[in-house]
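Engineer: Structure file query_21.cif (mmCIF, C-alpha atoms) is given on the next line.
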```cif
data_final
loop_
_atom_site.label_atom_id
_atom_site.label_comp_id
_atom_site.auth_asym_id
_atom_site.auth_seq_id
_atom_site.Cartn_x
_atom_site.Cartn_y
_atom_site.Cartn_z
CA MET D 1 114.94 94.49 24.89
CA SER D 2 111.62 96.18 24.33
CA THR D 3 110.04 98.49 26.91
CA THR D 4 107.22 96.00 27.59
CA LYS D 5 109.75 93.26 28.28
CA ASP D 6 111.70 95.59 30.60
CA GLN D 7 108.50 96.33 32.47
CA THR D 8 107.72 92.62 32.78
CA VAL D 9 111.17 91.93 34.22
CA LEU D 10 110.77 94.81 36.67
CA ASP D 11 107.34 93.56 37.74
CA GLN D 12 108.75 90.08 38.30
CA GLU D 13 111.57 91.51 40.38
CA GLU D 14 109.13 93.54 42.43
CA ALA D 15 106.90 90.50 42.98
CA GLU D 16 109.96 88.49 44.01
CA LEU D 17 111.04 91.21 46.44
CA ALA D 18 107.53 91.39 47.91
CA ARG D 19 107.70 87.66 48.67
CA GLN D 20 111.03 87.83 50.52
CA TRP D 21 110.85 87.36 54.28
CA THR D 22 113.04 90.39 54.99
CA GLY D 23 110.61 92.67 53.18
CA ARG D 24 107.57 91.04 54.75
CA ILE D 25 108.98 91.47 58.28
CA ARG D 26 110.03 95.05 57.52
CA ARG D 27 106.54 95.97 56.29
CA LEU D 28 105.00 94.26 59.33
CA LEU D 29 107.23 96.21 61.74
CA VAL D 30 106.81 99.55 59.97
CA ASP D 31 103.02 99.07 59.93
CA ALA D 32 102.98 98.22 63.65
CA LEU D 33 105.44 100.91 64.69
CA PRO D 34 105.79 103.74 62.17
CA PRO D 35 108.68 106.09 63.16
CA ASP D 36 106.37 108.88 64.36
CA LYS D 37 104.63 106.40 66.66
CA LEU D 38 107.91 104.90 67.85
CA LEU D 39 109.39 108.28 68.78
CA PRO D 40 106.47 110.70 68.99
CA ASP D 41 106.94 114.48 69.19
CA ARG D 42 103.73 115.08 71.15
CA GLN D 43 101.82 113.21 73.81
CA PRO D 44 98.11 113.15 74.67
CA SER D 45 97.00 115.98 76.97
CA TYR D 46 95.88 113.57 79.69
CA LEU D 47 99.54 112.73 80.34
CA SER D 48 99.88 116.02 82.22
CA SER D 49 100.24 114.33 85.60
CA TRP D 50 103.26 113.31 87.64
CA ILE D 51 101.91 109.76 87.88
CA TYR D 52 102.98 109.19 84.26
CA ILE D 53 106.70 109.76 84.92
CA PHE D 54 107.33 106.61 86.96
CA GLY D 55 107.73 104.27 83.98
CA ALA D 56 110.51 106.48 82.61
CA LEU D 57 112.08 106.76 86.09
CA THR D 58 112.07 102.95 86.32
CA ILE D 59 113.93 102.75 83.00
CA GLY D 60 116.42 105.28 84.38
CA GLY D 61 116.90 103.09 87.44
CA LEU D 62 117.41 100.02 85.25
CA ALA D 63 120.00 101.85 83.13
CA LEU D 64 121.94 102.74 86.28
CA VAL D 65 121.68 99.15 87.56
CA ILE D 66 123.12 97.82 84.28
CA LEU D 67 125.85 100.48 84.20
CA THR D 68 127.05 99.92 87.77
CA GLY D 69 126.68 96.14 87.39
CA THR D 70 128.89 96.25 84.30
CA VAL D 71 131.60 98.10 86.26
CA LEU D 72 131.33 95.55 89.12
CA ALA D 73 131.66 92.70 86.60
CA LEU D 74 134.74 94.33 85.07
CA GLU D 75 136.55 94.76 88.39
CA GLY D 76 135.44 91.76 90.47
CA PRO D 77 134.60 90.99 94.13
CA GLN D 78 137.90 91.95 95.76
CA TRP D 79 137.66 95.43 94.24
CA TRP D 80 134.05 96.03 95.32
CA HIS D 81 134.74 94.74 98.86
CA VAL D 82 138.04 96.52 99.55
CA SER D 83 138.67 99.68 97.49
CA SER D 84 136.74 102.82 98.36
CA ILE D 85 135.67 103.40 94.75
CA GLY D 86 134.61 99.75 94.57
CA LEU D 87 132.50 100.14 97.71
CA PHE D 88 130.99 103.27 96.19
CA VAL D 89 130.05 101.52 92.92
CA ASN D 90 128.73 98.56 94.92
CA SER D 91 126.53 100.94 96.92
CA MET D 92 125.43 102.64 93.70
CA HIS D 93 124.41 99.22 92.37
CA LEU D 94 122.33 98.56 95.51
CA TRP D 95 120.72 102.00 95.58
CA SER D 96 119.91 102.04 91.89
CA VAL D 97 118.11 98.71 92.44
CA GLU D 98 116.25 100.27 95.39
CA PHE D 99 115.14 103.16 93.18
CA PHE D 100 114.33 100.79 90.31
CA PHE D 101 111.89 98.82 92.50
CA PHE D 102 110.62 101.96 94.26
CA PHE D 103 109.63 103.58 90.96
CA MET D 104 108.44 100.33 89.39
CA VAL D 105 105.99 99.66 92.24
CA ILE D 106 104.59 103.23 92.07
CA HIS D 107 104.30 102.75 88.28
CA LEU D 108 102.45 99.48 88.98
CA TRP D 109 100.04 101.13 91.47
CA GLY D 110 99.35 103.97 89.06
CA LYS D 111 98.67 101.63 86.15
CA PHE D 112 96.58 99.30 88.34
CA PHE D 113 94.23 102.10 89.40
CA MET D 114 94.04 103.31 85.77
CA ALA D 115 93.13 99.74 84.71
CA ALA D 116 95.84 100.19 82.12
CA TRP D 117 95.09 96.83 80.46
CA ARG D 118 91.98 98.40 78.86
CA GLY D 119 91.81 98.91 75.11
CA ASN D 120 93.44 95.63 74.08
CA ARG D 121 96.58 96.43 76.10
CA GLN D 122 96.78 93.05 77.85
CA LEU D 123 100.19 92.27 76.35
CA THR D 124 101.53 95.63 77.58
CA TRP D 125 100.24 94.82 81.07
CA MET D 126 101.50 91.22 81.07
CA THR D 127 105.01 92.08 79.82
CA GLY D 128 105.17 94.49 82.77
CA VAL D 129 103.98 91.81 85.21
CA VAL D 130 106.50 89.27 83.93
CA THR D 131 109.30 91.87 84.00
CA PHE D 132 108.42 92.54 87.65
CA PHE D 133 108.77 88.85 88.54
CA PHE D 134 112.03 88.49 86.62
CA SER D 135 113.32 91.60 88.42
CA ILE D 136 112.59 90.00 91.79
CA GLY D 137 114.64 86.97 90.65
CA ALA D 138 117.45 89.27 89.51
CA GLY D 139 117.37 91.05 92.88
CA PHE D 140 117.42 87.78 94.81
CA THR D 141 120.33 86.29 92.84
CA GLY D 142 122.15 89.60 93.38
CA TYR D 143 121.76 89.28 97.15
CA VAL D 144 123.32 85.79 97.07
CA SER D 145 126.11 86.89 94.70
CA GLN D 146 127.63 89.52 97.00
CA THR D 147 130.35 87.10 98.20
CA ASN D 148 130.09 88.02 101.86
CA PHE D 149 128.57 86.54 105.04
CA ASP D 150 125.29 88.26 104.29
CA SER D 151 124.96 86.46 100.95
CA GLN D 152 125.90 83.11 102.55
CA TRP D 153 123.24 83.59 105.22
CA ILE D 154 120.58 84.55 102.66
CA ALA D 155 121.51 81.59 100.43
CA THR D 156 121.31 79.04 103.27
CA GLN D 157 117.93 80.41 104.35
CA ALA D 158 116.62 80.69 100.79
CA LYS D 159 117.54 77.14 99.81
CA ASP D 160 115.04 75.81 102.37
CA GLY D 161 112.34 78.07 101.01
CA ILE D 162 113.11 77.14 97.40
CA ASN D 163 113.22 73.42 98.29
CA ALA D 164 109.83 73.79 99.98
CA THR D 165 108.33 75.03 96.72
CA GLY D 166 109.73 72.04 94.83
CA ALA D 167 111.93 74.25 92.63
CA GLY D 168 115.09 73.11 94.41
CA ALA D 169 115.88 70.64 91.63
CA PHE D 170 116.40 73.54 89.23
CA VAL D 171 117.51 76.40 91.47
CA ASN D 172 120.14 75.92 94.16
CA ALA D 173 120.75 79.16 96.03
CA LEU D 174 123.92 77.63 97.51
CA ASN D 175 125.38 77.03 94.03
CA PHE D 176 127.30 80.28 93.72
CA GLY D 177 128.28 79.80 90.07
CA GLN D 178 124.67 79.17 89.08
CA MET D 179 123.41 82.17 91.05
CA LEU D 180 126.09 84.51 89.68
CA MET D 181 125.43 83.50 86.07
CA TRP D 182 121.68 83.84 86.53
CA HIS D 183 122.33 87.27 88.05
CA ILE D 184 124.73 88.66 85.46
CA VAL D 185 123.56 86.90 82.28
CA LEU D 186 120.16 85.21 82.19
CA LEU D 187 118.00 87.46 84.35
CA PRO D 188 119.40 90.84 83.19
CA ALA D 189 118.99 89.68 79.57
CA ALA D 190 115.39 88.70 80.34
CA VAL D 191 114.62 91.94 82.20
CA VAL D 192 116.17 94.14 79.48
CA ALA D 193 114.46 92.20 76.66
CA LEU D 194 111.08 92.26 78.42
CA THR D 195 111.44 95.96 79.25
CA GLY D 196 112.19 96.62 75.57
CA LEU D 197 109.11 94.64 74.55
CA HIS D 198 107.05 96.46 77.18
CA ILE D 199 108.13 99.87 75.82
CA LEU D 200 107.43 98.81 72.23
CA MET D 201 103.96 97.65 73.30
CA VAL D 202 103.37 101.01 75.00
CA ARG D 203 104.38 102.78 71.78
CA HIS D 204 102.33 100.40 69.63
CA LYS D 205 99.09 100.60 71.63
CA GLY D 206 99.57 104.12 73.00
CA ILE D 207 99.20 105.19 76.62
CA VAL D 208 95.87 104.19 78.10
CA THR D 209 93.23 106.91 78.28
CA PRO D 210 91.84 107.93 81.69
CA ILE D 211 88.75 106.08 82.89
CA GLU D 212 85.65 107.97 81.78
CA VAL D 213 84.35 110.46 84.32
CA ASN D 214 80.57 110.84 84.89
CA GLY D 215 79.82 108.87 81.75
CA THR D 216 81.85 111.20 79.50
CA GLU D 217 84.37 109.36 77.39
CA VAL D 218 87.78 111.03 77.35
CA PRO D 219 88.99 111.63 73.77
CA HIS D 220 90.97 108.61 72.66
CA GLN D 221 94.62 109.03 71.74
CA GLY D 222 94.36 112.67 70.78
CA THR D 223 97.59 114.58 70.59
CA GLN D 224 97.96 117.59 72.83
CA SER D 225 97.30 119.95 69.95
CA GLU D 226 94.18 118.03 68.90
CA SER D 227 92.52 117.53 72.25
CA ASP D 228 93.80 120.64 73.99
CA PRO D 229 94.39 123.39 71.46
CA SER D 230 94.90 126.10 74.08
CA MET Q 1 135.14 114.66 101.54
CA THR Q 2 134.10 112.45 104.38
CA LEU Q 3 130.51 111.30 104.65
CA SER Q 4 130.89 110.00 108.19
CA PHE Q 5 128.10 112.30 109.39
CA LEU Q 6 125.71 110.16 107.33
CA ALA Q 7 126.96 107.04 109.07
CA ALA Q 8 126.30 108.69 112.42
CA LEU Q 9 122.75 109.53 111.39
CA ILE Q 10 121.54 105.92 111.40
CA ASN Q 11 123.60 103.21 113.07
CA LEU Q 12 123.41 100.21 110.75
CA ASP Q 13 125.96 98.20 112.75
CA LYS Q 14 123.35 96.44 114.84
CA PRO Q 15 120.49 93.98 114.32
CA GLY Q 16 117.51 95.37 112.42
CA VAL Q 17 114.34 96.51 114.17
CA PHE Q 18 111.32 94.34 113.40
CA LEU Q 19 107.68 95.19 113.97
CA HIS Q 20 105.21 92.47 114.94
CA TRP Q 21 101.49 92.63 114.33
CA GLY Q 22 99.84 89.26 114.80
CA VAL Q 23 101.23 86.95 112.15
CA ILE Q 24 102.71 89.90 110.28
CA GLN Q 25 106.38 90.62 110.87
CA ILE Q 26 108.17 93.34 108.94
CA SER Q 27 111.39 95.25 109.36
CA LEU Q 28 111.15 98.93 110.25
CA ALA Q 29 113.30 99.74 107.19
CA ASN Q 30 110.75 98.08 104.90
CA VAL Q 31 107.86 99.88 106.60
CA ILE Q 32 109.66 103.21 106.03
CA VAL Q 33 110.28 102.40 102.35
CA ILE Q 34 106.63 101.35 101.80
CA GLY Q 35 105.46 104.51 103.59
CA LEU Q 36 107.69 106.63 101.33
CA MET Q 37 106.32 104.86 98.26
CA VAL Q 38 102.72 105.56 99.31
CA ALA Q 39 103.66 109.19 100.04
CA VAL Q 40 105.33 109.66 96.63
CA PHE Q 41 102.37 107.95 94.93
CA LEU Q 42 99.89 110.33 96.58
CA LEU Q 43 102.08 113.38 95.87
CA ALA Q 44 102.33 112.35 92.20
CA ILE Q 45 98.54 112.27 91.99
CA PHE Q 46 97.76 115.47 93.87
CA ILE Q 47 100.62 117.83 92.95
CA PRO Q 48 99.62 119.71 89.78
CA PHE Q 49 101.74 119.08 86.73
CA ASP Q 50 103.27 122.20 85.20
CA ARG Q 51 101.46 122.31 81.88
CA LYS Q 52 102.31 125.88 80.93
CA SER Q 53 105.88 125.13 79.94
CA ARG Q 54 104.75 122.17 77.83
CA ARG Q 55 101.98 123.83 75.90
CA ARG Q 56 102.52 124.60 72.26
#
```
Could you render the structure from this file as structure tokens?
Structural biologist:
Amino acid sequence: MSTTKDQTVLDQEEAELARQWTGRIRRLLVDALPPDKLLPDRQPSYLSSWIYIFGALTIGGLALVILTGTVLALEGPQWWHVSSIGLFVNSMHLWSVEFFFFFMVIHLWGKFFMAAWRGNRQLTWMTGVVTFFFSIGAGFTGYVSQTNFDSQWIATQAKDGINATGAGAFVNALNFGQMLMWHIVLLPAAVVALTGLHILMVRHKGIVTPIEVNGTEVPHQGTQSESDPS
Amino acid sequence: MTLSFLAALINLDKPGVFLHWGVIQISLANVIVIGLMVAVFLLAIFIPFDRKSRRR
């Protein structure tokens, strides 16, 4: 084959590769989230406040919830009700949820007062809002999945409330199997997936700049070295 | 190691304490948690962040 023919074949191959859906998706993802944006080395100088740590603390809480929940699922109700280590892991599961919500609500307050949806960040904000609602559902189904008198009491009370909203046809708090599967499969999957999406949106759009003070716009998305060289 | 001293600190083996304020009814435990959240929120805003160790 001649060199020109070789080049033509190569060009055709390249054009074919460019059309493939795998390549198109890869280019789309790399453009949206280049590695240095996905895992940055430096952060903007305005992040030097404790109020910015609560998102990460919430993720820590979620990780502990998933970890302890996995152990509870492995061992089962008798273990978490009777054995001392089971009671300990059960308590860890409860307290990690308490911390998860504690940090998430402070994160929410902080972001609300920053108006963190500014700068085309509405999807970042909304994924957080939806994650919050799914988390409440996960917490509720957890309360009714304890397999004790407490969970029975909560379920009998909740079913009236849920029926009053008209959602009783789809959600029956007294249906233990349904509640348990929502608690250990559907809702955790939704919360983890939405949290992942939320974090990717944060990385994609960057962390919102502070609201301008006295009419002075704060430098947008500068790295620490750029905006604060000292 | 026994942690029974923690159990003695707050007796949970009794009905919860509820506060009433007009139509609002809330358990004391929830009020304490919300108060702690507000306190941590304010501390996070007002306590200076250690920037020296993070500067390059």
Engineer: Which polymer residues have any atom within 9 Å of an atom of Gly16 of chain Q, counting only C-alpha atoms, with same-chain residues fewer than 2 positions away left out, as a list in words?
Structural biologist: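 The contact residues come out as Leu12, Asp13, Lys14, Phe18, Ser27, Leu28 and Ala29 of chain Q.
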Engineer: Contacts from chain Q to chain D, 6 Å maximum, only C-alpha atoms: show me the residue list as a list in words.
Structural biologist: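 Contact residues on the first chain: Phe41, Ala44, Ile45 and Phe49 of chain Q.
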Engineer: What is the atom CA of Ala138 of chain D-atom CA of Leu186 of chain D distance in Å, reported with one decimal?
Structural biologist: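 Between atom CA of Ala138 of chain D and atom CA of Leu186 of chain D the gap works out to 8.8 Å.
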Engineer: With all atoms listed in the file counted, which protein, DNA or RNA residues have an atom no more than 12 Å from (105.4, 107.3, 67.8) in the file frame? Please answer as JSON, numbers by chain.
Structural biologist: {"D": [30, 31, 32, 33, 34, 35, 36, 37, 38, 39, 40, 41, 42, 43, 44, 199, 200, 201, 202, 203, 204, 205, 206, 207, 221, 223]}
Engineer: Quick one, how far is atom CA of Ile211 of chain D from atom CA of Thr124 of chain D?
Structural biologist: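 Pair atom CA of Ile211 of chain D / atom CA of Thr124 of chain D returns 17.3 Å.
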Engineer: For segment 66-76 of chain D, work out the shell of residues within 7 Å, counting all atoms listed in the file and skipping chain neighbours fewer than 5 positions away, then give it as a PyMOL selection string.
Structural biologist: chain D and resi 89+92-93
